[in-house]
Amino acid sequence: RWDGSNWIQVQPAVAPPVRQLHAMTVGSITGQSLLFGGHDACASNQSDTWQFDGTTWAQIPTTSSPPAVHGHSLCEDGGDALLFGGADANGSTTFAETWQWNGSAWQQLSTQFAPHPRHKHQAVLHAASGRVVLFGGRASATGQVFGDTWTFDGTEWHPRLEFVISPLNGHQYAVTPPMTWTAAEAYAQTLTGHLATVRSAAENSWLTQEFYSPEFYAFWIGLNDVAQEDAWVWTSGEPVTFTLWASGQPDNASGTQDYVGIWDAAGTWDDNQNNSY
């Protein structure tokens with residue numbers, strides 16, 4: 001324990017079993033240290049909840065809790081503490097669950113939007129705004145590393161977006177962190193917009209140069225044939241006056257590819273399933 005000038009080793013009679021890659025924070029309501037999960041000495045994930053009052057550890061019995069994870073984030077928030085994500089024991093599966101601790105029990109929160117499943121990220125309460133800020137992480141043991149920023153307002157997750165104004169039409173555009181097509185369109189609508197409508201080769205070229213990155217498989221645009229196969233429409237409701245399909249596309253592979261993305265540096269289009277890109 002740090003007393004402001006020195007470290008003092010505390011040796012409580014009861015303590016959590018040895019572990020690593022767990023998460024701890026100080027609860028906003030209880031003022032006690034909260035610990036959850038992590039790897040034990042046998043590299044098995046744990047799902048136990050402990051509180052420390054400055055002198056004594058106590059394991060808190062819970063009827064429900066986050067999954068057994070390691071590499072998750074845990075930080076204070078208006079509900080005492082907020083937990084997000086983490087990975088299974090071998091790191092091959094990551095989670096995107098949001099859980100809130102109220103001082104005595106866990107509750108899983110249902111949100112329309114959330115960061116992509118991840119572990120080894122960081123989250124902290126931003127005191128001035130009262131929002132939790134989350135940054136970075138890794139998709140899995142061999143997956144991509146994220147550099148995105150999200151905030152949680154107590155009810156919903158919001159990605160931090162960098163908007164760019166197109167010199168061609170004066171509209172604002174931004175690329176979201178990895179999302180499904182439907183989630184990206186839904187989030188665009190919360191901002192009174194839609195996924196991008198491409199009206200010309202010039203607009204397509206500008207979007208590609210501005211937003212395409214080989215780090216990601218593709219980025220979504222608003223074209224889809226959800227309502228009727230091969231009847232392509234823009235979510236904005238504008239007429240389809242320009243297309244730039246890649247060779248052999250659209251092919252509706254597996255019969256479930258209804259959503260369009262720009263998928264290479266040349267700006268060509270491919271129809272895809274409703275995956276997170």
# chains A, B, ... in the order shown; residues from 1 in each chain; ligands from 1
call {"tool": "residues_around", "arguments": {"residues": "Glu76 (chain A)", "least_positions_apart": "3", "cutoff": "7 Å", "atoms": "only C-alpha atoms", "output": "list of chain:residue names"}}
result
A:Thr25, A:Val26, A:Gly27, A:Ser28, A:Asp80, A:Ala81, A:Leu82, A:Leu125
call {"tool": "residues_around", "arguments": {"residues": "region 32-44 of chain A", "least_positions_apart": "4", "cutoff": "9 Å", "atoms": "only C-alpha atoms", "output": "ChimeraX atom specification"}}
result
/A:16-28,48-54,66-72,74,81,83,88-90,103
call {"tool": "atom_distance", "arguments": {"atom1": "CA of Ala265 (chain A)", "atom2": "CA of Val175 (chain A)"}}
result
15.6 Å
call {"tool": "closest_residue", "arguments": {"among": "A:Gly79, A:Pro239, A:Gln189, A:Phe84", "to": "Ala105 (chain A)", "atoms": "only C-alpha atoms"}}
result
A:Gly79
call {"tool": "select_by_dssp", "arguments": {"residues": "region 20-247 of chain A", "states": "helix (DSSP H, G or I)", "output": "MDAnalysis selection string"}}
result
chainID A and resid 181:190 201:211
call {"tool": "residues_around", "arguments": {"residues": "region 253-259 of chain A", "least_positions_apart": "2", "cutoff": "6 Å", "atoms": "only C-alpha atoms", "output": "count of residues only"}}
result
7
call {"tool": "residues_around", "arguments": {"residues": "region 200-209 of chain A", "least_positions_apart": "3", "cutoff": "9 Å", "atoms": "only C-alpha atoms", "output": "mmCIF file with N, CA, C and O atoms, in the first residue's frame"}}
result
data_model
loop_
_atom_site.group_PDB
_atom_site.id
_atom_site.type_symbol
_atom_site.label_atom_id
_atom_site.label_comp_id
_atom_site.auth_asym_id
_atom_site.auth_seq_id
_atom_site.Cartn_x
_atom_site.Cartn_y
_atom_site.Cartn_z
ATOM 1 N N SER A 166 -15.277 16.491 -47.646
ATOM 2 C CA SER A 166 -14.912 16.214 -49.032
ATOM 3 C C SER A 166 -14.853 17.513 -49.829
ATOM 4 O O SER A 166 -15.804 18.306 -49.797
ATOM 5 N N PRO A 167 -13.773 17.742 -50.576
ATOM 6 C CA PRO A 167 -13.699 18.932 -51.423
ATOM 7 C C PRO A 167 -14.614 18.816 -52.640
ATOM 8 O O PRO A 167 -14.839 19.811 -53.342
ATOM 9 N N LEU A 168 -15.150 17.613 -52.882
ATOM 10 C CA LEU A 168 -15.997 17.394 -54.059
ATOM 11 C C LEU A 168 -17.450 17.749 -53.811
ATOM 12 O O LEU A 168 -18.146 18.192 -54.732
ATOM 13 N N ASN A 169 -17.938 17.519 -52.574
ATOM 14 C CA ASN A 169 -19.367 17.755 -52.337
ATOM 15 C C ASN A 169 -19.665 18.471 -51.019
ATOM 16 O O ASN A 169 -20.826 18.766 -50.735
ATOM 17 N N TYR A 173 -17.202 13.048 -43.773
ATOM 18 C CA TYR A 173 -16.997 11.603 -43.769
ATOM 19 C C TYR A 173 -16.042 11.244 -42.637
ATOM 20 O O TYR A 173 -15.157 12.014 -42.264
ATOM 21 N N ALA A 196 -21.520 6.055 -46.709
ATOM 22 C CA ALA A 196 -21.219 6.891 -47.873
ATOM 23 C C ALA A 196 -21.984 6.459 -49.113
ATOM 24 O O ALA A 196 -22.061 5.270 -49.435
ATOM 25 N N THR A 197 -22.542 7.439 -49.798
ATOM 26 C CA THR A 197 -23.101 7.270 -51.139
ATOM 27 C C THR A 197 -22.049 7.733 -52.135
ATOM 28 O O THR A 197 -21.490 8.831 -51.998
ATOM 29 N N TYR A 212 -9.020 4.169 -47.293
ATOM 30 C CA TYR A 212 -8.628 2.766 -47.442
ATOM 31 C C TYR A 212 -7.280 2.506 -46.768
ATOM 32 O O TYR A 212 -6.344 3.294 -46.883
ATOM 33 N N SER A 213 -7.193 1.375 -46.064
ATOM 34 C CA SER A 213 -5.941 0.937 -45.454
ATOM 35 C C SER A 213 -5.816 -0.564 -45.639
ATOM 36 O O SER A 213 -6.775 -1.300 -45.375
ATOM 37 N N THR A 241 -26.115 5.702 -59.705
ATOM 38 C CA THR A 241 -25.658 6.243 -60.989
ATOM 39 C C THR A 241 -24.226 5.840 -61.319
ATOM 40 O O THR A 241 -23.749 6.114 -62.419
ATOM 41 N N PHE A 242 -23.534 5.200 -60.356
ATOM 42 C CA PHE A 242 -22.134 4.816 -60.558
ATOM 43 C C PHE A 242 -21.847 3.563 -59.750
ATOM 44 O O PHE A 242 -22.320 3.412 -58.623
ATOM 45 N N THR A 243 -21.086 2.634 -60.355
ATOM 46 C CA THR A 243 -20.589 1.459 -59.629
ATOM 47 C C THR A 243 -19.169 1.169 -60.095
ATOM 48 O O THR A 243 -18.774 1.552 -61.198
ATOM 49 N N LEU A 244 -18.409 0.467 -59.253
ATOM 50 C CA LEU A 244 -17.059 0.056 -59.625
ATOM 51 C C LEU A 244 -16.784 -1.323 -59.021
ATOM 52 O O LEU A 244 -15.968 -1.475 -58.118
ATOM 53 N N ILE A 262 -15.598 -1.017 -50.139
ATOM 54 C CA ILE A 262 -14.426 -0.769 -50.977
ATOM 55 C C ILE A 262 -13.296 -1.605 -50.396
ATOM 56 O O ILE A 262 -12.938 -1.456 -49.225
ATOM 57 N N ASP A 264 -10.040 -2.595 -51.946
ATOM 58 C CA ASP A 264 -8.632 -2.558 -52.338
ATOM 59 C C ASP A 264 -8.212 -1.130 -52.651
ATOM 60 O O ASP A 264 -9.036 -0.209 -52.690
ATOM 61 N N ALA A 265 -6.907 -0.938 -52.864
ATOM 62 C CA ALA A 265 -6.356 0.406 -53.084
ATOM 63 C C ALA A 265 -6.821 1.007 -54.400
ATOM 64 O O ALA A 265 -6.724 2.228 -54.593
ATOM 65 N N ALA A 266 -7.336 0.167 -55.313
ATOM 66 C CA ALA A 266 -7.880 0.666 -56.575
ATOM 67 C C ALA A 266 -9.306 1.179 -56.413
ATOM 68 O O ALA A 266 -9.862 1.760 -57.350
ATOM 69 N N GLY A 267 -9.897 0.944 -55.249
ATOM 70 C CA GLY A 267 -11.244 1.442 -54.991
ATOM 71 C C GLY A 267 -12.352 0.573 -55.533
ATOM 72 O O GLY A 267 -13.503 1.031 -55.613
ATOM 73 N N THR A 268 -12.049 -0.679 -55.905
ATOM 74 C CA THR A 268 -13.109 -1.534 -56.441
ATOM 75 C C THR A 268 -13.981 -2.083 -55.319
ATOM 76 O O THR A 268 -13.575 -2.148 -54.157
#
call {"tool": "atom_distance", "arguments": {"atom1": "CA of Phe211 (chain A)", "atom2": "CA of Thr182 (chain A)"}}
result
19.0 Å
call {"tool": "select_by_dssp", "arguments": {"residues": "region 86-187 of chain A", "states": "strand (DSSP E)", "output": "VMD selection string"}}
result
chain A and resid 98 to 101 106 to 109 122 to 126 131 to 135 149 to 152 157 to 159 164 to 165 172 to 173
call {"tool": "atom_distance", "arguments": {"atom1": "CA of Asn274 (chain A)", "atom2": "CA of Ala139 (chain A)"}}
result
18.1 Å
call {"tool": "residues_around", "arguments": {"residues": "Trp106 (chain A)", "least_positions_apart": "5", "cutoff": "9 Å", "atoms": "only C-alpha atoms", "output": "MDAnalysis selection string"}}
result
chainID A and resid 62:66 99:101
call {"tool": "write_last_selection", "arguments": {"atoms": "C-alpha atoms", "output": "compact mmCIF listing (two decimals), in the first residue's frame"}}
result
# COMPACT_ATOMS: atom_id res chain seq x y z
CA THR A 62 -22.04 -13.42 -7.08
CA THR A 63 -24.98 -15.06 -8.82
CA SER A 64 -23.80 -13.80 -12.21
CA SER A 65 -20.52 -12.33 -13.38
CA PRO A 66 -18.44 -11.62 -16.46
CA TRP A 99 -20.43 -5.37 -17.23
CA GLN A 100 -21.13 -2.93 -14.41
CA TRP A 101 -20.40 -3.54 -10.73
call {"tool": "closest_residue", "arguments": {"among": "A:Ile221, A:Val132, A:Val260, A:Ala15", "to": "Ala174 (chain A)", "atoms": "only C-alpha atoms"}}
result
A:Ile221
call {"tool": "closest_residue", "arguments": {"among": "A:Trp157, A:Phe146, A:Trp2, A:Phe135", "to": "Leu109 (chain A)", "atoms": "only C-alpha atoms"}}
result
A:Trp157
call {"tool": "decode", "arguments": {"residues": "region 135-158 of chain A", "atoms": "N, CA, C and O atoms", "output": "CSV table (one decimal), in the first residue's frame"}}
result
chain,number,residue,atom,x,y,z
A,135,PHE,N,-9.1,2.7,-24.9
A,135,PHE,CA,-8.2,2.8,-26.1
A,135,PHE,C,-7.5,1.5,-26.3
A,135,PHE,O,-7.0,0.8,-25.4
A,136,GLY,N,-7.3,1.1,-27.6
A,136,GLY,CA,-6.4,0.1,-28.1
A,136,GLY,C,-6.8,-1.3,-27.7
A,136,GLY,O,-8.0,-1.6,-27.6
A,137,GLY,N,-5.8,-2.2,-27.7
A,137,GLY,CA,-6.1,-3.6,-27.4
A,137,GLY,C,-5.7,-4.5,-28.6
A,137,GLY,O,-5.3,-4.0,-29.7
A,138,ARG,N,-6.0,-5.8,-28.4
A,138,ARG,CA,-5.6,-6.8,-29.5
A,138,ARG,C,-6.8,-7.7,-29.7
A,138,ARG,O,-7.5,-8.1,-28.7
A,139,ALA,N,-7.1,-8.1,-30.9
A,139,ALA,CA,-8.3,-8.8,-31.2
A,139,ALA,C,-8.2,-10.3,-30.7
A,139,ALA,O,-9.1,-10.8,-30.2
A,140,SER,N,-7.0,-10.9,-30.8
A,140,SER,CA,-6.8,-12.2,-30.3
A,140,SER,C,-5.3,-12.4,-30.2
A,140,SER,O,-4.5,-11.5,-30.5
A,141,ALA,N,-4.9,-13.7,-29.9
A,141,ALA,CA,-3.4,-14.0,-29.8
A,141,ALA,C,-2.7,-13.7,-31.0
A,141,ALA,O,-1.5,-13.3,-31.0
A,142,THR,N,-3.3,-13.8,-32.2
A,142,THR,CA,-2.6,-13.5,-33.5
A,142,THR,C,-3.3,-12.5,-34.3
A,142,THR,O,-3.0,-12.3,-35.4
A,143,GLY,N,-4.3,-11.8,-33.7
A,143,GLY,CA,-5.1,-10.8,-34.4
A,143,GLY,C,-4.6,-9.4,-34.5
A,143,GLY,O,-3.5,-9.1,-34.0
A,144,GLN,N,-5.4,-8.5,-35.1
A,144,GLN,CA,-5.0,-7.2,-35.3
A,144,GLN,C,-4.9,-6.4,-34.0
A,144,GLN,O,-5.6,-6.7,-33.0
A,145,VAL,N,-4.1,-5.4,-34.0
A,145,VAL,CA,-3.9,-4.5,-32.8
A,145,VAL,C,-4.7,-3.2,-33.2
A,145,VAL,O,-4.6,-2.7,-34.3
A,146,PHE,N,-5.5,-2.8,-32.2
A,146,PHE,CA,-6.4,-1.6,-32.4
A,146,PHE,C,-5.8,-0.3,-31.9
A,146,PHE,O,-5.0,-0.3,-31.0
A,147,GLY,N,-6.1,0.8,-32.6
A,147,GLY,CA,-5.7,2.1,-32.2
A,147,GLY,C,-6.9,3.0,-32.1
A,147,GLY,O,-6.7,4.2,-32.3
A,148,ASP,N,-8.1,2.5,-31.8
A,148,ASP,CA,-9.3,3.3,-31.7
A,148,ASP,C,-9.6,3.7,-30.3
A,148,ASP,O,-9.2,3.1,-29.3
A,149,THR,N,-10.4,4.8,-30.2
A,149,THR,CA,-10.8,5.3,-29.0
A,149,THR,C,-12.3,5.3,-28.9
A,149,THR,O,-13.0,5.7,-29.8
A,150,TRP,N,-12.8,4.8,-27.7
A,150,TRP,CA,-14.3,4.8,-27.5
A,150,TRP,C,-14.5,5.5,-26.1
A,150,TRP,O,-13.7,5.5,-25.2
A,151,THR,N,-15.8,6.0,-26.0
A,151,THR,CA,-16.2,6.6,-24.7
A,151,THR,C,-17.5,5.9,-24.3
A,151,THR,O,-18.3,5.5,-25.2
A,152,PHE,N,-17.7,5.7,-23.0
A,152,PHE,CA,-19.0,5.2,-22.5
A,152,PHE,C,-19.7,6.2,-21.6
A,152,PHE,O,-19.1,6.7,-20.7
A,153,ASP,N,-20.9,6.5,-21.9
A,153,ASP,CA,-21.6,7.6,-21.2
A,153,ASP,C,-22.5,7.1,-20.1
A,153,ASP,O,-23.3,7.9,-19.6
A,154,GLY,N,-22.4,5.8,-19.7
A,154,GLY,CA,-23.2,5.3,-18.7
A,154,GLY,C,-24.3,4.4,-19.3
A,154,GLY,O,-24.9,3.6,-18.6
A,155,THR,N,-24.6,4.6,-20.6
A,155,THR,CA,-25.6,3.8,-21.3
A,155,THR,C,-25.1,3.2,-22.6
A,155,THR,O,-25.5,2.1,-22.9
A,156,GLU,N,-24.3,4.0,-23.3
A,156,GLU,CA,-23.9,3.6,-24.7
A,156,GLU,C,-22.5,3.8,-24.9
A,156,GLU,O,-21.9,4.8,-24.4
A,157,TRP,N,-21.9,3.0,-25.8
A,157,TRP,CA,-20.5,3.2,-26.3
A,157,TRP,C,-20.5,4.1,-27.5
A,157,TRP,O,-21.4,4.0,-28.3
A,158,HIS,N,-19.5,5.0,-27.6
A,158,HIS,CA,-19.4,5.9,-28.8
A,158,HIS,C,-18.0,5.9,-29.3
A,158,HIS,O,-17.1,6.2,-28.5
